[in-house]
file protein_36.cif (mmCIF, C-alpha atoms)
data_input
loop_
_atom_site.group_PDB
_atom_site.id
_atom_site.type_symbol
_atom_site.label_atom_id
_atom_site.label_comp_id
_atom_site.auth_asym_id
_atom_site.auth_seq_id
_atom_site.Cartn_x
_atom_site.Cartn_y
_atom_site.Cartn_z
ATOM 1 C CA MET A 2 88.968 379.895 124.059
ATOM 2 C CA ILE A 3 85.642 378.514 122.848
ATOM 3 C CA LYS A 4 87.479 375.993 120.723
ATOM 4 C CA LYS A 5 89.512 374.878 123.698
ATOM 5 C CA THR A 6 86.438 374.541 125.859
ATOM 6 C CA LEU A 7 84.675 372.562 123.173
ATOM 7 C CA ALA A 8 87.676 370.289 122.788
ATOM 8 C CA PHE A 9 87.759 369.777 126.521
ATOM 9 C CA VAL A 10 84.061 368.930 126.645
ATOM 10 C CA PHE A 11 84.532 366.562 123.723
ATOM 11 C CA ILE A 12 87.362 364.731 125.465
ATOM 12 C CA LEU A 13 85.323 364.584 128.630
ATOM 13 C CA LEU A 14 82.397 363.060 126.768
ATOM 14 C CA CYS A 15 84.652 360.523 125.099
ATOM 15 C CA SER A 16 86.269 359.478 128.340
ATOM 16 C CA SER A 17 82.933 358.989 130.065
ATOM 17 C CA ASN A 18 81.916 356.905 127.083
ATOM 18 C CA ILE A 19 84.941 354.688 127.523
ATOM 19 C CA GLN A 20 84.134 354.259 131.174
ATOM 20 C CA ALA A 21 80.593 353.203 130.379
ATOM 21 C CA ASN A 22 81.792 350.570 127.929
ATOM 22 C CA ASP A 23 84.701 349.137 129.795
ATOM 23 C CA LEU A 24 84.431 345.705 128.225
ATOM 24 C CA ASN A 25 87.034 344.721 125.673
ATOM 25 C CA SER A 26 85.743 344.229 122.147
ATOM 26 C CA ASP A 27 85.307 340.445 122.400
ATOM 27 C CA ASP A 28 83.455 340.769 125.671
ATOM 28 C CA GLN A 29 81.363 343.579 124.236
ATOM 29 C CA ILE A 30 80.187 341.229 121.482
ATOM 30 C CA ARG A 31 79.436 338.517 124.041
ATOM 31 C CA TYR A 32 77.574 341.020 126.205
ATOM 32 C CA GLN A 33 75.518 342.267 123.276
ATOM 33 C CA SER A 34 74.497 338.813 122.081
ATOM 34 C CA MET A 35 73.779 337.692 125.640
ATOM 35 C CA ILE A 36 71.412 340.535 126.472
ATOM 36 C CA GLU A 37 69.551 339.926 123.219
ATOM 37 C CA GLU A 38 68.895 336.351 124.288
ATOM 38 C CA VAL A 39 67.458 337.306 127.652
ATOM 39 C CA ARG A 40 63.796 338.137 127.917
ATOM 40 C CA CYS A 41 62.719 341.138 129.922
ATOM 41 C CA LEU A 42 60.084 339.654 132.186
ATOM 42 C CA VAL A 43 58.428 342.982 132.887
ATOM 43 C CA CYS A 44 57.644 343.610 129.238
ATOM 44 C CA GLN A 45 57.614 340.082 127.977
ATOM 45 C CA ASN A 46 57.941 340.788 124.295
ATOM 46 C CA GLN A 47 61.186 342.680 124.568
ATOM 47 C CA SER A 48 64.666 341.444 125.228
ATOM 48 C CA VAL A 49 66.748 342.846 128.032
ATOM 49 C CA ALA A 50 68.779 344.635 125.353
ATOM 50 C CA GLU A 51 65.755 346.558 124.094
ATOM 51 C CA SER A 52 63.920 347.281 127.314
ATOM 52 C CA ASN A 53 64.172 350.363 129.448
ATOM 53 C CA ALA A 54 62.528 348.730 132.443
ATOM 54 C CA GLU A 55 64.467 349.022 135.690
ATOM 55 C CA LEU A 56 64.772 345.263 135.939
ATOM 56 C CA ALA A 57 66.264 345.102 132.446
ATOM 57 C CA LYS A 58 68.863 347.685 133.447
ATOM 58 C CA ASP A 59 69.717 345.656 136.555
ATOM 59 C CA LEU A 60 70.017 342.470 134.527
ATOM 60 C CA ARG A 61 72.243 344.184 131.975
ATOM 61 C CA ARG A 62 74.477 345.441 134.763
ATOM 62 C CA GLU A 63 74.597 341.987 136.339
ATOM 63 C CA ILE A 64 75.445 340.268 133.034
ATOM 64 C CA LYS A 65 78.177 342.820 132.366
ATOM 65 C CA LEU A 66 79.670 342.328 135.833
ATOM 66 C CA GLN A 67 79.702 338.594 135.390
ATOM 67 C CA ILE A 68 81.416 338.868 132.017
ATOM 68 C CA GLN A 69 84.029 341.089 133.656
ATOM 69 C CA ASP A 70 84.418 338.459 136.363
ATOM 70 C CA GLY A 71 85.324 335.978 133.650
ATOM 71 C CA LYS A 72 82.139 333.918 133.840
ATOM 72 C CA THR A 73 81.311 331.789 130.806
ATOM 73 C CA ASP A 74 78.090 332.189 128.826
ATOM 74 C CA SER A 75 76.677 328.982 130.225
ATOM 75 C CA GLU A 76 77.490 330.049 133.780
ATOM 76 C CA ILE A 77 75.614 333.299 133.246
ATOM 77 C CA LYS A 78 72.680 331.464 131.687
ATOM 78 C CA THR A 79 72.573 329.066 134.629
ATOM 79 C CA TYR A 80 72.550 332.059 136.956
ATOM 80 C CA LEU A 81 69.486 333.449 135.184
ATOM 81 C CA LEU A 82 67.703 330.107 134.869
ATOM 82 C CA GLN A 83 68.087 329.325 138.562
ATOM 83 C CA ARG A 84 66.359 332.562 139.465
ATOM 84 C CA TYR A 85 63.782 333.121 136.746
ATOM 85 C CA GLY A 86 63.249 329.752 135.079
ATOM 86 C CA GLU A 87 63.177 328.709 131.417
ATOM 87 C CA PHE A 88 61.061 331.635 130.294
ATOM 88 C CA ILE A 89 63.839 334.172 130.724
ATOM 89 C CA LEU A 90 65.799 332.788 127.788
ATOM 90 C CA TYR A 91 64.302 333.149 124.331
ATOM 91 C CA GLU A 92 65.898 329.898 123.316
ATOM 92 C CA PRO A 93 64.805 327.237 125.782
ATOM 93 C CA ALA A 94 67.422 324.785 127.004
ATOM 94 C CA PHE A 95 67.200 321.250 125.694
ATOM 95 C CA SER A 96 65.630 319.169 128.441
ATOM 96 C CA GLN A 97 63.025 316.465 128.857
ATOM 97 C CA LYS A 98 60.414 319.142 129.330
ATOM 98 C CA THR A 99 61.270 320.961 126.128
ATOM 99 C CA MET A 100 62.132 317.916 124.034
ATOM 100 C CA PHE A 101 58.763 317.961 122.241
ATOM 101 C CA LEU A 102 59.235 321.642 121.477
ATOM 102 C CA TRP A 103 62.597 321.002 119.888
ATOM 103 C CA PHE A 104 61.467 317.995 117.886
ATOM 104 C CA SER A 105 58.070 319.360 116.876
ATOM 105 C CA PRO A 106 59.284 321.015 113.629
ATOM 106 C CA ILE A 107 60.804 317.713 112.470
ATOM 107 C CA ILE A 108 57.669 315.822 113.459
ATOM 108 C CA LEU A 109 55.494 318.337 111.601
ATOM 109 C CA VAL A 110 57.636 318.186 108.471
ATOM 110 C CA LEU A 111 57.491 314.380 108.500
ATOM 111 C CA MET A 112 53.740 314.479 109.013
ATOM 112 C CA PHE A 113 53.207 316.835 106.096
ATOM 113 C CA PHE A 114 55.552 314.798 103.969
ATOM 114 C CA GLY A 115 53.519 311.679 104.644
ATOM 115 C CA TRP A 116 50.303 313.511 104.008
ATOM 116 C CA PHE A 117 51.345 314.998 100.677
ATOM 117 C CA LYS A 118 52.677 311.671 99.560
ATOM 118 C CA LYS A 119 49.285 310.116 100.232
ATOM 119 C CA ILE A 120 47.495 312.852 98.331
ATOM 120 C CA GLY A 121 49.929 312.383 95.451
ATOM 121 C CA ASN A 122 49.034 308.740 95.282
ATOM 122 C CA MET B 15 36.076 310.023 106.043
ATOM 123 C CA ILE B 16 38.072 310.369 109.236
ATOM 124 C CA ARG B 17 41.221 310.757 107.191
ATOM 125 C CA ARG B 18 39.704 313.692 105.341
ATOM 126 C CA LEU B 19 38.524 315.332 108.496
ATOM 127 C CA LEU B 20 41.803 314.855 110.304
ATOM 128 C CA PRO B 21 43.439 318.112 109.134
ATOM 129 C CA LEU B 22 40.285 319.970 110.142
ATOM 130 C CA ILE B 23 40.320 318.362 113.583
ATOM 131 C CA ILE B 24 43.989 319.248 114.029
ATOM 132 C CA PHE B 25 43.232 322.779 112.895
ATOM 133 C CA PHE B 26 40.478 323.244 115.470
ATOM 134 C CA ALA B 27 42.541 321.651 118.218
ATOM 135 C CA LEU B 28 45.333 324.093 117.441
ATOM 136 C CA MET B 29 42.909 327.015 117.418
ATOM 137 C CA GLY B 30 41.623 325.816 120.782
ATOM 138 C CA PHE B 31 45.113 325.843 122.301
ATOM 139 C CA LEU B 32 45.845 329.263 120.866
ATOM 140 C CA ALA B 33 42.567 330.702 122.109
ATOM 141 C CA GLN B 34 43.209 329.249 125.549
ATOM 142 C CA SER B 35 46.617 330.851 125.825
ATOM 143 C CA LEU B 36 45.105 334.107 124.632
ATOM 144 C CA TYR B 37 42.702 334.257 127.547
ATOM 145 C CA GLU B 38 44.697 332.830 130.403
ATOM 146 C CA SER B 39 46.949 335.131 132.339
ATOM 147 C CA GLU B 40 50.470 334.337 131.330
ATOM 148 C CA THR B 41 52.165 337.079 133.264
ATOM 149 C CA GLU B 42 52.591 334.821 136.269
ATOM 150 C CA LEU B 43 55.474 332.445 135.795
ATOM 151 C CA PRO B 44 56.328 329.449 137.924
ATOM 152 C CA SER B 45 59.286 330.235 140.139
ATOM 153 C CA PRO B 46 62.223 327.819 140.059
ATOM 154 C CA LEU B 47 62.872 328.854 143.673
ATOM 155 C CA ILE B 48 59.939 326.922 145.140
ATOM 156 C CA GLY B 49 61.342 324.212 147.424
ATOM 157 C CA LYS B 50 64.698 325.945 147.651
ATOM 158 C CA PRO B 51 66.178 327.993 150.482
ATOM 159 C CA ILE B 52 66.056 331.770 150.270
ATOM 160 C CA PRO B 53 69.135 333.243 148.599
ATOM 161 C CA GLU B 54 72.066 334.535 150.590
ATOM 162 C CA PHE B 55 72.114 338.246 151.194
ATOM 163 C CA LYS B 56 73.486 340.968 153.403
ATOM 164 C CA LEU B 57 71.263 344.016 153.333
ATOM 165 C CA ARG B 58 70.738 347.057 155.512
ATOM 166 C CA ASN B 59 67.723 347.439 157.737
ATOM 167 C CA LEU B 60 65.745 350.411 156.413
ATOM 168 C CA ILE B 61 65.184 351.889 159.862
ATOM 169 C CA THR B 62 68.282 350.967 161.898
ATOM 170 C CA GLU B 63 70.748 350.820 158.970
ATOM 171 C CA GLU B 64 72.233 347.655 160.499
ATOM 172 C CA PHE B 65 73.291 344.818 158.239
ATOM 173 C CA VAL B 66 71.010 341.789 158.231
ATOM 174 C CA THR B 67 71.909 338.455 156.624
ATOM 175 C CA ASN B 68 69.612 335.738 155.311
ATOM 176 C CA ASP B 69 70.379 333.512 158.329
ATOM 177 C CA GLN B 70 69.087 336.158 160.678
ATOM 178 C CA ILE B 71 65.569 336.292 159.276
ATOM 179 C CA VAL B 72 65.092 332.516 159.231
ATOM 180 C CA GLY B 73 63.467 330.728 162.183
ATOM 181 C CA ASN B 74 59.736 331.216 161.793
ATOM 182 C CA ILE B 75 57.196 330.531 159.131
ATOM 183 C CA SER B 76 56.995 333.963 157.616
ATOM 184 C CA LEU B 77 56.231 336.045 154.566
ATOM 185 C CA ILE B 78 58.787 337.965 152.560
ATOM 186 C CA ASN B 79 57.087 340.824 150.769
ATOM 187 C CA VAL B 80 58.816 342.737 147.977
ATOM 188 C CA TRP B 81 57.524 346.291 147.775
ATOM 189 C CA ALA B 82 58.376 349.833 146.754
ATOM 190 C CA THR B 83 56.740 353.220 146.965
ATOM 191 C CA TRP B 84 56.768 353.500 143.155
ATOM 192 C CA CYS B 85 54.783 350.282 142.875
ATOM 193 C CA VAL B 86 51.036 350.758 142.361
ATOM 194 C CA GLY B 87 50.060 347.239 143.354
ATOM 195 C CA CYS B 88 51.934 347.636 146.628
ATOM 196 C CA GLU B 89 49.624 350.399 147.712
ATOM 197 C CA ILE B 90 46.628 348.203 146.941
ATOM 198 C CA GLU B 91 47.840 345.315 149.105
ATOM 199 C CA HIS B 92 49.265 347.416 151.918
ATOM 200 C CA GLU B 93 46.014 347.688 153.828
ATOM 201 C CA PHE B 94 45.650 343.922 153.876
ATOM 202 C CA LEU B 95 49.251 343.481 155.070
ATOM 203 C CA VAL B 96 48.612 345.888 157.938
ATOM 204 C CA GLU B 97 45.405 344.023 158.769
ATOM 205 C CA LEU B 98 47.247 340.701 158.753
ATOM 206 C CA SER B 99 50.032 341.986 160.990
ATOM 207 C CA GLN B 100 47.533 343.320 163.519
ATOM 208 C CA ASP B 101 45.415 340.163 163.630
ATOM 209 C CA ARG B 102 46.104 338.506 166.975
ATOM 210 C CA ASN B 103 45.035 335.110 165.702
ATOM 211 C CA VAL B 104 47.680 335.222 163.027
ATOM 212 C CA ASN B 105 51.281 334.613 163.934
ATOM 213 C CA LEU B 106 52.988 335.285 160.652
ATOM 214 C CA PRO B 107 55.854 337.783 160.661
ATOM 215 C CA ILE B 108 56.175 339.779 157.450
ATOM 216 C CA ILE B 109 59.643 340.746 156.303
ATOM 217 C CA GLY B 110 59.712 343.595 153.812
ATOM 218 C CA LEU B 111 62.175 343.833 150.965
ATOM 219 C CA ASN B 112 62.178 347.432 149.831
ATOM 220 C CA TRP B 113 63.120 347.148 146.181
ATOM 221 C CA LYS B 114 65.015 349.942 144.401
ATOM 222 C CA ASP B 115 63.410 352.642 146.449
ATOM 223 C CA ASP B 116 64.231 355.925 148.094
ATOM 224 C CA ASP B 117 64.825 355.551 151.851
ATOM 225 C CA GLN B 118 62.992 358.716 152.805
ATOM 226 C CA LEU B 119 59.956 357.944 150.670
ATOM 227 C CA ALA B 120 59.861 354.397 152.028
ATOM 228 C CA LYS B 121 59.950 355.591 155.640
ATOM 229 C CA LEU B 122 57.257 358.169 154.959
ATOM 230 C CA TRP B 123 55.078 355.504 153.349
ATOM 231 C CA LEU B 124 55.299 353.290 156.447
ATOM 232 C CA LYS B 125 54.541 356.239 158.669
ATOM 233 C CA GLN B 126 51.476 357.269 156.715
ATOM 234 C CA LEU B 127 50.032 353.890 155.700
ATOM 235 C CA GLY B 128 51.128 351.821 158.694
ATOM 236 C CA ASP B 129 54.004 349.430 159.140
ATOM 237 C CA PRO B 130 53.075 345.734 158.869
ATOM 238 C CA TYR B 131 56.677 344.565 158.775
ATOM 239 C CA MET B 132 58.754 342.862 161.434
ATOM 240 C CA LEU B 133 61.688 344.456 159.672
ATOM 241 C CA VAL B 134 62.329 346.033 156.301
ATOM 242 C CA LEU B 135 65.482 345.303 154.337
ATOM 243 C CA LYS B 136 66.493 347.650 151.609
ATOM 244 C CA ASP B 137 67.806 346.563 148.256
ATOM 245 C CA PRO B 138 68.593 349.815 146.426
ATOM 246 C CA GLU B 139 70.500 348.109 143.601
ATOM 247 C CA GLY B 140 68.049 345.282 143.144
ATOM 248 C CA LYS B 141 70.696 342.571 143.357
ATOM 249 C CA THR B 142 68.941 340.545 146.025
ATOM 250 C CA ALA B 143 65.656 340.994 144.173
ATOM 251 C CA ILE B 144 67.286 339.289 141.168
ATOM 252 C CA ASP B 145 68.417 336.471 143.464
ATOM 253 C CA PHE B 146 64.783 336.106 144.512
ATOM 254 C CA GLY B 147 63.742 336.045 140.851
ATOM 255 C CA VAL B 148 61.634 339.154 141.327
ATOM 256 C CA TYR B 149 60.291 340.767 138.171
ATOM 257 C CA GLY B 150 57.148 342.584 139.192
ATOM 258 C CA ALA B 151 56.425 344.038 142.604
ATOM 259 C CA PRO B 152 54.555 343.319 144.752
ATOM 260 C CA GLU B 153 55.734 339.758 145.178
ATOM 261 C CA THR B 154 55.226 337.672 148.291
ATOM 262 C CA PHE B 155 57.078 334.520 149.349
ATOM 263 C CA LEU B 156 56.052 332.062 152.054
ATOM 264 C CA ILE B 157 59.057 330.560 153.823
ATOM 265 C CA ASP B 158 59.178 327.877 156.489
ATOM 266 C CA SER B 159 61.219 327.904 159.696
ATOM 267 C CA ASN B 160 64.248 326.588 157.796
ATOM 268 C CA GLY B 161 64.073 329.327 155.201
ATOM 269 C CA ILE B 162 62.716 327.102 152.427
ATOM 270 C CA ILE B 163 60.429 328.896 149.962
ATOM 271 C CA HIS B 164 57.064 327.161 149.632
ATOM 272 C CA PHE B 165 54.941 329.607 147.716
ATOM 273 C CA LYS B 166 55.263 332.738 145.674
ATOM 274 C CA HIS B 167 52.535 335.158 144.765
ATOM 275 C CA ILE B 168 53.015 337.858 142.140
ATOM 276 C CA GLY B 169 50.738 340.873 142.377
ATOM 277 C CA PRO B 170 48.800 342.385 145.264
ATOM 278 C CA LEU B 171 48.092 340.015 148.133
ATOM 279 C CA ASP B 172 44.532 339.929 149.443
ATOM 280 C CA ARG B 173 42.463 337.928 151.886
ATOM 281 C CA GLU B 174 41.198 335.571 149.213
ATOM 282 C CA ILE B 175 44.677 334.543 148.088
ATOM 283 C CA TYR B 176 45.828 334.377 151.683
ATOM 284 C CA GLU B 177 43.008 332.046 152.710
ATOM 285 C CA GLN B 178 43.076 329.960 149.554
ATOM 286 C CA ASP B 179 46.774 329.489 148.990
ATOM 287 C CA ILE B 180 48.811 330.559 151.981
ATOM 288 C CA LEU B 181 46.745 329.437 154.972
ATOM 289 C CA PRO B 182 46.502 325.753 153.898
ATOM 290 C CA LEU B 183 50.267 325.685 153.303
ATOM 291 C CA ILE B 184 50.924 327.097 156.765
ATOM 292 C CA GLY B 185 48.687 324.349 158.152
ATOM 293 C CA GLU B 186 50.785 321.742 156.373
ATOM 294 C CA LEU B 187 54.031 323.255 157.557
ATOM 295 C CA ASN B 188 53.023 323.343 161.216
#
call {"tool": "encode", "arguments": {"input": "protein_36.cif", "output": "structure tokens"}}
result
Amino acid sequence: MIKKTLAFVFILLCSSNIQANDLNSDDQIRYQSMIEEVRCLVCQNQSVAESNAELAKDLRREIKLQIQDGKTDSEIKTYLLQRYGEFILYEPAFSQKTMFLWFSPIILVLMFFGWFKKIGN
Amino acid sequence: MIRRLLPLIIFFALMGFLAQSLYESETELPSPLIGKPIPEFKLRNLITEEFVTNDQIVGNISLINVWATWCVGCEIEHEFLVELSQDRNVNLPIIGLNWKDDDQLAKLWLKQLGDPYMLVLKDPEGKTAIDFGVYGAPETFLIDSNGIIHFKHIGPLDREIYEQDILPLIGELN
């Protein structure tokens, strides 16, 4: 009897688990990588994947729904950017405003290169 | 000489920028919604339970205030909101967006602390709040008579912010 009950509870737990993760495996991977790219604005040093804030939960739910609706990654990112601005994504989009940010490592490397060369001479 | 000092100058400039960002409040982010119309929504009125759409609240220069009973800052600003709504010289309807709250607690709050709102919409799932780009209540939006958002304030609203930021904008809009 106890065994049967335990088995029943186990099956119940498993089925609720399946319901909670009703994305197929490809979408699950997309979902996971997406929520790691999105900043939780309440606790700004955590991603939406890590945070337990209510807003993070809502954003996770929203991203999941949109994946289920067949939205592409860039459509979902646009959705977030239109509402929260650049800061919500850890990796800023390439635009005129962020151009310097993107090129700054190259500029710095070139600067150091020039500098060391001078010192060498 | 200058060439030798250059790395030092760059170093101090960098330190300056870092120190600056350390001390300035960076919790307030610019909203991409400024200059755009309020998002579409269909939410229930907290009191009457009737559905209200975004078109129905547009028509006057007004404030949209995002609040909740679990929000500490909301309690701080509430007195000022009540004051503003009772001021006869001020004609600025306040529309409340009750964010992820319990209906009963929200109603009790308005009963006990006063109700400054023309109407309160409830957003139990927080979907409309996301459309408004809300991330920390209280948040207050100034909209014009066409429903265009002109200003957003994050954190408790007080007289100083109202007079400094909101009042001049209302003057421009009129």
call {"tool": "resolve_selection", "arguments": {"input": "protein_36.cif", "expression": "the PyMOL selection byres ((chain B) within 9 of (chain A))", "output": "PyMOL selection string"}}
result
chain B and resi 41+43-47+114+139-141+144-150
call {"tool": "atom_distance", "arguments": {"input": "protein_36.cif", "atom1": "CA of Arg17 in chain B", "atom2": "CA of Thr99 in chain A"}}
result
29.4 Å
call {"tool": "resolve_selection", "arguments": {"input": "protein_36.cif", "expression": "the PyMOL selection byres ((chain B and resi 180) around 12)", "output": "VMD selection string"}}
result
chain B and resid 75 to 77 106 154 to 158 163 to 167 171 to 179 181 to 187
call {"tool": "resolve_selection", "arguments": {"input": "protein_36.cif", "expression": "the PyMOL selection byres ((chain A and resi 92) around 12)", "output": "list in words"}}
result
Met35, Glu37, Glu38, Val39, Arg40, Ser48, Lys78, Leu82, Glu87, Phe88, Ile89, Leu90, Tyr91, Pro93, Ala94, Phe95, Ser96, Thr99, Leu102 and Trp103 of chain A
call {"tool": "atom_distance", "arguments": {"input": "protein_36.cif", "atom1": "CA of Phe94 in chain B", "atom2": "CA of Ala143 in chain B"}}
result
22.4 Å
call {"tool": "atom_distance", "arguments": {"input": "protein_36.cif", "atom1": "CA of Lys56 in chain B", "atom2": "CA of Val72 in chain B"}}
result
13.3 Å
